[in-house]
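Shown next, in structure tokens, is the structure this report addresses.
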Amino acid sequence: MNSLFSQVQVSRYTLSNRMVMAPMTRSRADDAGVPSELVATYYAQRASAGLIISEGVFPTAMGQGYVRTPGIETAEQVAAWKHVTEAVHARGGRIFMQLMHSGRISHPSLLPNGALPQAPSAIKPAGQTWTATGLQDFVTPHALSVVEIAAVIEGYRQAARLAIEAGFDGVELHAASGYLPEQFLSTGSNQRTDEYGGSVENRVRFVLDVLSAIATEIGGDRVGLKISPEMNFNDIVDANPQETYTYLVEHLHGLNLAYLHVALFGANVDYHGLLRPLFDGSYLIGGGLDQHSAESLIADGRADAAVFGSAFLANPDLPERFRTGAELNVPDKNSFYAPGAQGYIDYPTLPAAERV
Ligand SMILES: Cc1cc2nc3c(=O)[nH]c(=O)nc-3n(C[C@H](O)[C@H](O)[C@H](O)COP(=O)(O)O)c2cc1C
């Protein structure tokens with residue numbers, strides 16, 4: 001029987017265990033989107049995960065959604081990420097980069113020349129976002145033309161190439177949490193009347209086009225996809241998520257993706273039961289798991305690996321703690337996105353004496 005501690009093959013990679021570190025934005029980059037040296041330390045500390053998925057990284061400057069988040073576009077960004085991947089690999093870990101284009105969940109103050117955020121349709125999301133000058137309302141975004149959509153897809157392709165050049169083992173497309181790809185998928189944010197909007201076939205086109213561009217560039221077996229049906233985060237609404245996500249996953253055939261990562265938060269439908277049989281690659285399950293629930297999902301064969309977010313954030317040696325039944329450090333929410341080392345690289349590991 002499989003357990004959290006058994007090896008698993010995810011496409012070309014043999015992971016040493018089934019505990020995956022979730023992508024988590026930590027806002028420790030500089031204003032040029034370059035991750036600091038602390039970032040290498042942070043990920044290296046967590047290299048005992050079977051797989052690390054990096055924080056969301058913007059593929060092009062127009063994809064940035066939050067202050068001090070990192071990018072993968074400039075030579076300086078690539079050079080800094082090389083330190084990160086080398087540090088993780090030196091400790092025997094594996095790391096994928098999450099490509100995150102925030103779309104309308106951004107603000108002109110974060111974008112080149114104060115540009116309007118990009119989106120499928122000019123529909124302003126409800127809510128506010130943190131900017132350099134504090135909380136500000138979201139704005140009405142710019143609706144991308146078909147030519148501009150092609151440029152966004154090209155940006156993802158180049159970012160995937162640069163991620164591989166920076167030493168990442170693969171990339172994950174962030175199509176969850178209400179950012180650009182999910183804005184295309186969902187009827188509330190996509191009211192286009194061309195080939196990228198309207199029918200489910202048209203609304204999934206953007207995600208499939210991005211995946212196809214990335215997979216052609218670096219190989220589908222180095223590409224994962226994250227979705228979060230019914231999460232309803234960032235003012236995302238879809239009239240029929242069951243239909244949308246079924247259609248999407250059915251149409252991943254042929255891309256030969258490494259994995260599908262599904263994070264659920266209070267959905268009304270058993271999406272894991274629905275989607276897993278439709279997907280050929282590895283199935284990663286996430287959202288509010290603890291050791292016990294993750295262990296039973298793996299043992300029951302409902303997933304190939306389990307994704308832990310805040311538990312990994314606060315416990316660099318999470319697999320060891322699970323193995324020994326040690327108590328877990330409690331995450332400090334105040335330092336999730338705060339600059340500096342505190343609450344980032346100073347969570348304690350178990351003393352050697354307890355690691356028996
Ligand atoms: C501080 C923080 C930052 C996050 N940033 C991202 C992100 O950049 N990309 C993403 O896909 N999910 C992000 N998430 C969501 C996590 O990947 C994960 O889905 C979520 O934390 C649920 O897992 P958990 O209940 O084990 O924490 C973030 C979560 C936290 C706590």
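Each chain in the structure tokens gets a letter, A, B and so on, in the order shown; residues start at 1 in every chain, and ligands are counted from 1 in the order they appear.
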
Name the residues, by chain letter and number, that sit within 9 Å of ligand 1 using only C-alpha atoms and all ligand atoms, and give them as a PDB file with N, CA and C atoms, in the first residue's frame.
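The resulting result-v4.pdb:
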ATOM      1  N   MET A  21       5.514  20.386  -1.457  1.00  0.00           N
ATOM      2  CA  MET A  21       5.350  21.735  -0.892  1.00  0.00           C
ATOM      3  C   MET A  21       4.540  22.585  -1.875  1.00  0.00           C
ATOM      4  N   ALA A  22       3.461  23.184  -1.389  1.00  0.00           N
ATOM      5  CA  ALA A  22       2.555  23.977  -2.226  1.00  0.00           C
ATOM      6  C   ALA A  22       3.227  25.274  -2.679  1.00  0.00           C
ATOM      7  N   PRO A  23       2.807  25.776  -3.843  1.00  0.00           N
ATOM      8  CA  PRO A  23       3.283  27.099  -4.258  1.00  0.00           C
ATOM      9  C   PRO A  23       2.776  28.165  -3.287  1.00  0.00           C
ATOM     10  N   MET A  24       3.690  28.963  -2.765  1.00  0.00           N
ATOM     11  CA  MET A  24       3.283  30.014  -1.818  1.00  0.00           C
ATOM     12  C   MET A  24       4.057  31.299  -2.055  1.00  0.00           C
ATOM     13  N   THR A  25       3.319  32.338  -2.393  1.00  0.00           N
ATOM     14  CA  THR A  25       3.873  33.676  -2.543  1.00  0.00           C
ATOM     15  C   THR A  25       4.420  34.153  -1.205  1.00  0.00           C
ATOM     16  N   ARG A  26       5.663  34.609  -1.188  1.00  0.00           N
ATOM     17  CA  ARG A  26       6.270  35.042   0.074  1.00  0.00           C
ATOM     18  C   ARG A  26       6.849  36.460  -0.010  1.00  0.00           C
ATOM     19  N   ILE A  53       7.006  23.065  -5.177  1.00  0.00           N
ATOM     20  CA  ILE A  53       6.479  23.937  -6.229  1.00  0.00           C
ATOM     21  C   ILE A  53       6.735  25.357  -5.741  1.00  0.00           C
ATOM     22  N   SER A  54       7.414  26.150  -6.550  1.00  0.00           N
ATOM     23  CA  SER A  54       7.802  27.491  -6.103  1.00  0.00           C
ATOM     24  C   SER A  54       6.575  28.385  -5.948  1.00  0.00           C
ATOM     25  N   GLU A  55       6.780  29.470  -5.279  1.00  0.00           N
ATOM     26  CA  GLU A  55       5.805  30.561  -5.253  1.00  0.00           C
ATOM     27  C   GLU A  55       5.449  30.976  -6.682  1.00  0.00           C
ATOM     28  N   GLY A  56       4.332  31.650  -6.855  1.00  0.00           N
ATOM     29  CA  GLY A  56       3.952  32.163  -8.164  1.00  0.00           C
ATOM     30  C   GLY A  56       4.989  33.157  -8.681  1.00  0.00           C
ATOM     31  N   VAL A  57       5.420  32.959  -9.936  1.00  0.00           N
ATOM     32  CA  VAL A  57       6.457  33.794 -10.550  1.00  0.00           C
ATOM     33  C   VAL A  57       5.874  34.388 -11.827  1.00  0.00           C
ATOM     34  N   GLN A  98       6.342  27.756 -10.397  1.00  0.00           N
ATOM     35  CA  GLN A  98       4.952  28.066 -10.755  1.00  0.00           C
ATOM     36  C   GLN A  98       4.898  29.366 -11.563  1.00  0.00           C
ATOM     37  N   LEU A  99       4.337  29.288 -12.759  1.00  0.00           N
ATOM     38  CA  LEU A  99       4.170  30.490 -13.592  1.00  0.00           C
ATOM     39  C   LEU A  99       2.801  31.092 -13.294  1.00  0.00           C
ATOM     40  N   MET A 100       2.819  32.328 -12.824  1.00  0.00           N
ATOM     41  CA  MET A 100       1.594  32.980 -12.347  1.00  0.00           C
ATOM     42  C   MET A 100       1.442  34.347 -13.007  1.00  0.00           C
ATOM     43  N   GLU A 172       4.915  24.738 -13.357  1.00  0.00           N
ATOM     44  CA  GLU A 172       3.485  24.512 -13.111  1.00  0.00           C
ATOM     45  C   GLU A 172       2.734  25.740 -13.603  1.00  0.00           C
ATOM     46  N   LEU A 173       1.712  25.530 -14.414  1.00  0.00           N
ATOM     47  CA  LEU A 173       0.870  26.656 -14.827  1.00  0.00           C
ATOM     48  C   LEU A 173      -0.168  26.905 -13.732  1.00  0.00           C
ATOM     49  N   HIS A 174      -0.180  28.124 -13.200  1.00  0.00           N
ATOM     50  CA  HIS A 174      -1.148  28.498 -12.166  1.00  0.00           C
ATOM     51  C   HIS A 174      -2.455  28.899 -12.854  1.00  0.00           C
ATOM     52  N   ALA A 175      -3.410  27.966 -12.836  1.00  0.00           N
ATOM     53  CA  ALA A 175      -4.719  28.255 -13.430  1.00  0.00           C
ATOM     54  C   ALA A 175      -5.783  28.210 -12.329  1.00  0.00           C
ATOM     55  N   ALA A 176      -5.354  28.545 -11.100  1.00  0.00           N
ATOM     56  CA  ALA A 176      -6.256  28.505  -9.943  1.00  0.00           C
ATOM     57  C   ALA A 176      -6.395  29.914  -9.363  1.00  0.00           C
ATOM     58  N   SER A 177      -7.150  30.013  -8.283  1.00  0.00           N
ATOM     59  CA  SER A 177      -7.181  31.207  -7.416  1.00  0.00           C
ATOM     60  C   SER A 177      -7.595  32.516  -8.092  1.00  0.00           C
ATOM     61  N   LYS A 226      -2.141  23.589 -12.184  1.00  0.00           N
ATOM     62  CA  LYS A 226      -2.903  23.726 -10.930  1.00  0.00           C
ATOM     63  C   LYS A 226      -4.261  24.358 -11.202  1.00  0.00           C
ATOM     64  N   ILE A 227      -5.301  23.734 -10.676  1.00  0.00           N
ATOM     65  CA  ILE A 227      -6.650  24.299 -10.750  1.00  0.00           C
ATOM     66  C   ILE A 227      -7.286  24.248  -9.356  1.00  0.00           C
ATOM     67  N   SER A 228      -8.290  25.097  -9.168  1.00  0.00           N
ATOM     68  CA  SER A 228      -9.010  25.111  -7.884  1.00  0.00           C
ATOM     69  C   SER A 228     -10.496  25.375  -8.142  1.00  0.00           C
ATOM     70  N   VAL A 262      -4.835  19.624  -7.992  1.00  0.00           N
ATOM     71  CA  VAL A 262      -6.183  20.143  -7.729  1.00  0.00           C
ATOM     72  C   VAL A 262      -6.285  20.514  -6.254  1.00  0.00           C
ATOM     73  N   ALA A 263      -6.486  21.807  -5.998  1.00  0.00           N
ATOM     74  CA  ALA A 263      -6.621  22.303  -4.619  1.00  0.00           C
ATOM     75  C   ALA A 263      -8.086  22.654  -4.407  1.00  0.00           C
ATOM     76  N   LEU A 264      -8.702  22.014  -3.431  1.00  0.00           N
ATOM     77  CA  LEU A 264     -10.135  22.256  -3.185  1.00  0.00           C
ATOM     78  C   LEU A 264     -10.344  22.948  -1.854  1.00  0.00           C
ATOM     79  N   PHE A 265     -11.263  23.889  -1.862  1.00  0.00           N
ATOM     80  CA  PHE A 265     -11.626  24.621  -0.643  1.00  0.00           C
ATOM     81  C   PHE A 265     -13.147  24.700  -0.608  1.00  0.00           C
ATOM     82  N   GLY A 286      -4.589  18.827  -2.949  1.00  0.00           N
ATOM     83  CA  GLY A 286      -4.193  19.825  -1.958  1.00  0.00           C
ATOM     84  C   GLY A 286      -5.375  20.601  -1.423  1.00  0.00           C
ATOM     85  N   GLY A 287      -5.110  21.397  -0.394  1.00  0.00           N
ATOM     86  CA  GLY A 287      -6.145  22.240   0.196  1.00  0.00           C
ATOM     87  C   GLY A 287      -6.571  21.737   1.556  1.00  0.00           C
ATOM     88  N   GLY A 288      -5.979  22.286   2.602  1.00  0.00           N
ATOM     89  CA  GLY A 288      -6.434  21.980   3.962  1.00  0.00           C
ATOM     90  C   GLY A 288      -6.134  20.572   4.443  1.00  0.00           C
ATOM     91  N   LEU A 289      -5.086  19.936   3.907  1.00  0.00           N
ATOM     92  CA  LEU A 289      -4.764  18.571   4.341  1.00  0.00           C
ATOM     93  C   LEU A 289      -3.931  18.583   5.614  1.00  0.00           C
ATOM     94  N   ASP A 290      -4.096  17.529   6.424  1.00  0.00           N
ATOM     95  CA  ASP A 290      -3.134  17.271   7.497  1.00  0.00           C
ATOM     96  C   ASP A 290      -2.563  15.881   7.243  1.00  0.00           C
ATOM     97  N   VAL A 307      -0.306  17.740  -1.279  1.00  0.00           N
ATOM     98  CA  VAL A 307       0.332  19.059  -1.298  1.00  0.00           C
ATOM     99  C   VAL A 307       0.005  19.787   0.006  1.00  0.00           C
ATOM    100  N   PHE A 308       1.053  20.245   0.687  1.00  0.00           N
ATOM    101  CA  PHE A 308       0.889  20.952   1.962  1.00  0.00           C
ATOM    102  C   PHE A 308       1.394  22.382   1.813  1.00  0.00           C
ATOM    103  N   GLY A 309       0.585  23.354   2.223  1.00  0.00           N
ATOM    104  CA  GLY A 309       0.962  24.753   2.127  1.00  0.00           C
ATOM    105  C   GLY A 309       1.548  25.269   3.417  1.00  0.00           C
ATOM    106  N   SER A 310       0.679  25.850   4.257  1.00  0.00           N
ATOM    107  CA  SER A 310       1.196  26.522   5.444  1.00  0.00           C
ATOM    108  C   SER A 310       1.987  25.588   6.366  1.00  0.00           C
ATOM    109  N   ALA A 311       1.699  24.281   6.337  1.00  0.00           N
ATOM    110  CA  ALA A 311       2.465  23.358   7.184  1.00  0.00           C
ATOM    111  C   ALA A 311       3.929  23.309   6.728  1.00  0.00           C
ATOM    112  N   PHE A 312       4.166  23.353   5.427  1.00  0.00           N
ATOM    113  CA  PHE A 312       5.548  23.359   4.933  1.00  0.00           C
ATOM    114  C   PHE A 312       6.210  24.710   5.169  1.00  0.00           C
ATOM    115  N   LEU A 313       5.392  25.751   5.065  1.00  0.00           N
ATOM    116  CA  LEU A 313       5.924  27.103   5.312  1.00  0.00           C
ATOM    117  C   LEU A 313       6.539  27.170   6.713  1.00  0.00           C
ATOM    118  N   PRO A 331       2.265  28.334  11.846  1.00  0.00           N
ATOM    119  CA  PRO A 331       2.613  29.421  10.918  1.00  0.00           C
ATOM    120  C   PRO A 331       2.253  30.795  11.487  1.00  0.00           C
ATOM    121  N   LYS A 333       1.085  34.202  10.489  1.00  0.00           N
ATOM    122  CA  LYS A 333       0.478  34.856   9.319  1.00  0.00           C
ATOM    123  C   LYS A 333       1.033  36.258   9.075  1.00  0.00           C
ATOM    124  N   SER A 335       3.929  37.327   9.060  1.00  0.00           N
ATOM    125  CA  SER A 335       5.173  37.381   8.284  1.00  0.00           C
ATOM    126  C   SER A 335       5.075  36.636   6.948  1.00  0.00           C
ATOM    127  N   PHE A 336       3.862  36.234   6.557  1.00  0.00           N
ATOM    128  CA  PHE A 336       3.719  35.519   5.278  1.00  0.00           C
ATOM    129  C   PHE A 336       4.324  36.327   4.127  1.00  0.00           C
ATOM    130  N   TYR A 337       3.989  37.615   4.076  1.00  0.00           N
ATOM    131  CA  TYR A 337       4.382  38.448   2.924  1.00  0.00           C
ATOM    132  C   TYR A 337       5.293  39.604   3.334  1.00  0.00           C
TER     133      TYR A 337
END

Notebook entry, point to check: Which neighbours of region 252-256 of chain A fall inside 12 Å, counting only C-alpha atoms, when residues of the same chain fewer than 5 positions from it are skipped, and could you give them as a PyMOL selection string?
Noted result: chain A and resi 10-12+204-205+207-225+245-247+275+278-282

Notebook entry, point to check: Can you list every residue in region 45-272 of chain A that DSSP puts in strand (DSSP E or B), as a ChimeraX atom specification?
Noted result: /A:51-58,71,95-99,118-119,128-131,134-137,142-143,170-174,223-227,259-263

Checklist line | Contact residues around Gly134 (chain A) with only C-alpha atoms at 12 Å, ignoring same-chain residues under 4 positions, as an MDAnalysis selection string | finding: chainID A and resid 66:67 107 109 128:130

Writing out the chosen residues with all heavy atoms as a CSV table (one decimal), in the first residue's frame:
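Output file selection16.csv is given in full below:
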chain,number,residue,atom,x,y,z
A,66,TYR,N,1.5,41.4,-7.2
A,66,TYR,CA,1.7,41.8,-5.8
A,66,TYR,C,3.1,42.4,-5.7
A,66,TYR,O,4.0,42.1,-6.5
A,66,TYR,CB,1.6,40.6,-4.9
A,66,TYR,CG,0.2,40.0,-4.9
A,66,TYR,CD1,0.0,38.8,-5.7
A,66,TYR,CD2,-0.8,40.5,-4.2
A,66,TYR,CE1,-1.3,38.2,-5.7
A,66,TYR,CE2,-2.1,39.9,-4.2
A,66,TYR,CZ,-2.3,38.8,-5.0
A,66,TYR,OH,-3.6,38.2,-5.0
A,67,VAL,N,3.2,43.3,-4.7
A,67,VAL,CA,4.5,43.9,-4.4
A,67,VAL,C,5.6,42.8,-4.0
A,67,VAL,O,5.2,41.8,-3.4
A,67,VAL,CB,4.5,45.0,-3.3
A,67,VAL,CG1,3.8,46.2,-3.8
A,67,VAL,CG2,3.8,44.4,-2.1
A,107,HIS,N,-2.6,45.9,-10.3
A,107,HIS,CA,-2.9,47.3,-10.1
A,107,HIS,C,-1.9,48.1,-11.0
A,107,HIS,O,-0.7,47.7,-11.1
A,107,HIS,CB,-2.8,47.7,-8.7
A,107,HIS,CG,-3.3,49.1,-8.4
A,107,HIS,ND1,-2.5,50.2,-8.4
A,107,HIS,CD2,-4.5,49.5,-8.0
A,107,HIS,CE1,-3.2,51.2,-8.1
A,107,HIS,NE2,-4.4,50.9,-7.9
A,109,SER,N,-0.1,50.5,-10.4
A,109,SER,CA,1.1,50.9,-9.7
A,109,SER,C,2.1,49.8,-9.7
A,109,SER,O,3.3,50.0,-9.4
A,109,SER,CB,0.8,51.3,-8.3
A,109,SER,OG,0.3,50.2,-7.6
A,128,GLN,N,-10.0,44.8,-3.1
A,128,GLN,CA,-8.9,45.7,-3.0
A,128,GLN,C,-7.6,44.9,-3.0
A,128,GLN,O,-7.6,43.7,-2.8
A,128,GLN,CB,-8.9,46.5,-1.7
A,128,GLN,CG,-10.1,47.4,-1.7
A,128,GLN,CD,-10.0,48.4,-0.5
A,128,GLN,OE1,-9.8,47.9,0.6
A,128,GLN,NE2,-10.1,49.7,-0.7
A,129,THR,N,-6.5,45.5,-3.4
A,129,THR,CA,-5.2,44.9,-3.4
A,129,THR,C,-4.1,45.7,-2.7
A,129,THR,O,-4.3,47.0,-2.7
A,129,THR,CB,-4.8,44.5,-4.8
A,129,THR,OG1,-3.6,43.7,-4.7
A,129,THR,CG2,-4.5,45.7,-5.7
A,130,TRP,N,-3.1,45.1,-2.1
A,130,TRP,CA,-2.0,45.8,-1.5
A,130,TRP,C,-1.1,46.4,-2.6
A,130,TRP,O,-0.7,45.7,-3.5
A,130,TRP,CB,-1.2,44.9,-0.6
A,130,TRP,CG,-1.8,44.7,0.8
A,130,TRP,CD1,-2.4,43.7,1.2
A,130,TRP,CD2,-1.8,45.7,1.8
A,130,TRP,NE1,-2.9,43.9,2.5
A,130,TRP,CE2,-2.5,45.1,2.9
A,130,TRP,CE3,-1.2,47.0,1.9
A,130,TRP,CZ2,-2.7,45.8,4.1
A,130,TRP,CZ3,-1.4,47.7,3.1
A,130,TRP,CH2,-2.1,47.1,4.2

Checklist line | Members of region 1-211 of chain A assigned helix (DSSP H, G or I) by DSSP, as a PyMOL selection string | finding: chain A and resi 37-45+61-63+75-90+108-110+112-114+146-165+180-185+200-203+205-211

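The interatomic distance for the pair CA of Pro108 (chain A) and CA of Tyr156 (chain A) works out to 20.7 Å.
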
Check: Asp30 (chain A): which residues within 9 Å, counting only C-alpha atoms, same-chain residues fewer than 3 positions away excluded, as a ChimeraX atom specification?
Finding: /A:27,33-36,67-70

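The gap separating CA of Leu162 (chain A) from CA of Ser121 (chain A) is 29.0 Å, in Å to one decimal.
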
Note to self: Neighbouring residues of Asp317 (chain A) were defined as those with any atom within 10 Å, considering only C-alpha atoms; residues of the same chain fewer than 4 positions away were excluded. Please report them as a list of chain:residue names.
What the structure shows: A:Gln45, A:Arg46, A:Ala47, A:Ser48, A:Ala49, A:Ala311, A:Phe312, A:Leu313, A:Arg321, A:Phe322, A:Leu328, A:Tyr347, A:Pro348, A:Thr349, A:Leu350

Note to self: Give me, as a PyMOL selection string, all polymer residues having an atom no more than 9 Å from Pro125 (chain A), counting only C-alpha atoms and skipping those fewer than 2 positions away in the same chain.
What the structure shows: chain A and resi 104-105+123+127-128+137-141+189+234-236

Item checked: Counting only C-alpha atoms, the option among A:Asp169, A:Glu73, A:Asp238, A:Asp31 closest to Tyr13 (chain A) -> A:Asp169

Check: CA of Leu144 (chain A) to CA of Val237 (chain A): how many Å, to one decimal?
Finding: 19.5 Å

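Compared by their closest atoms to Leu111 (chain A), and using only C-alpha atoms, the residues A:Gln183, A:Tyr42, A:Val147, A:Ala32 rank with A:Ala32 nearest.
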
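Using only C-alpha atoms, the nearest neighbour of Val78 (chain A) within the list A:Pro112, A:Leu15, A:Gln158, A:Arg94 is A:Gln158.
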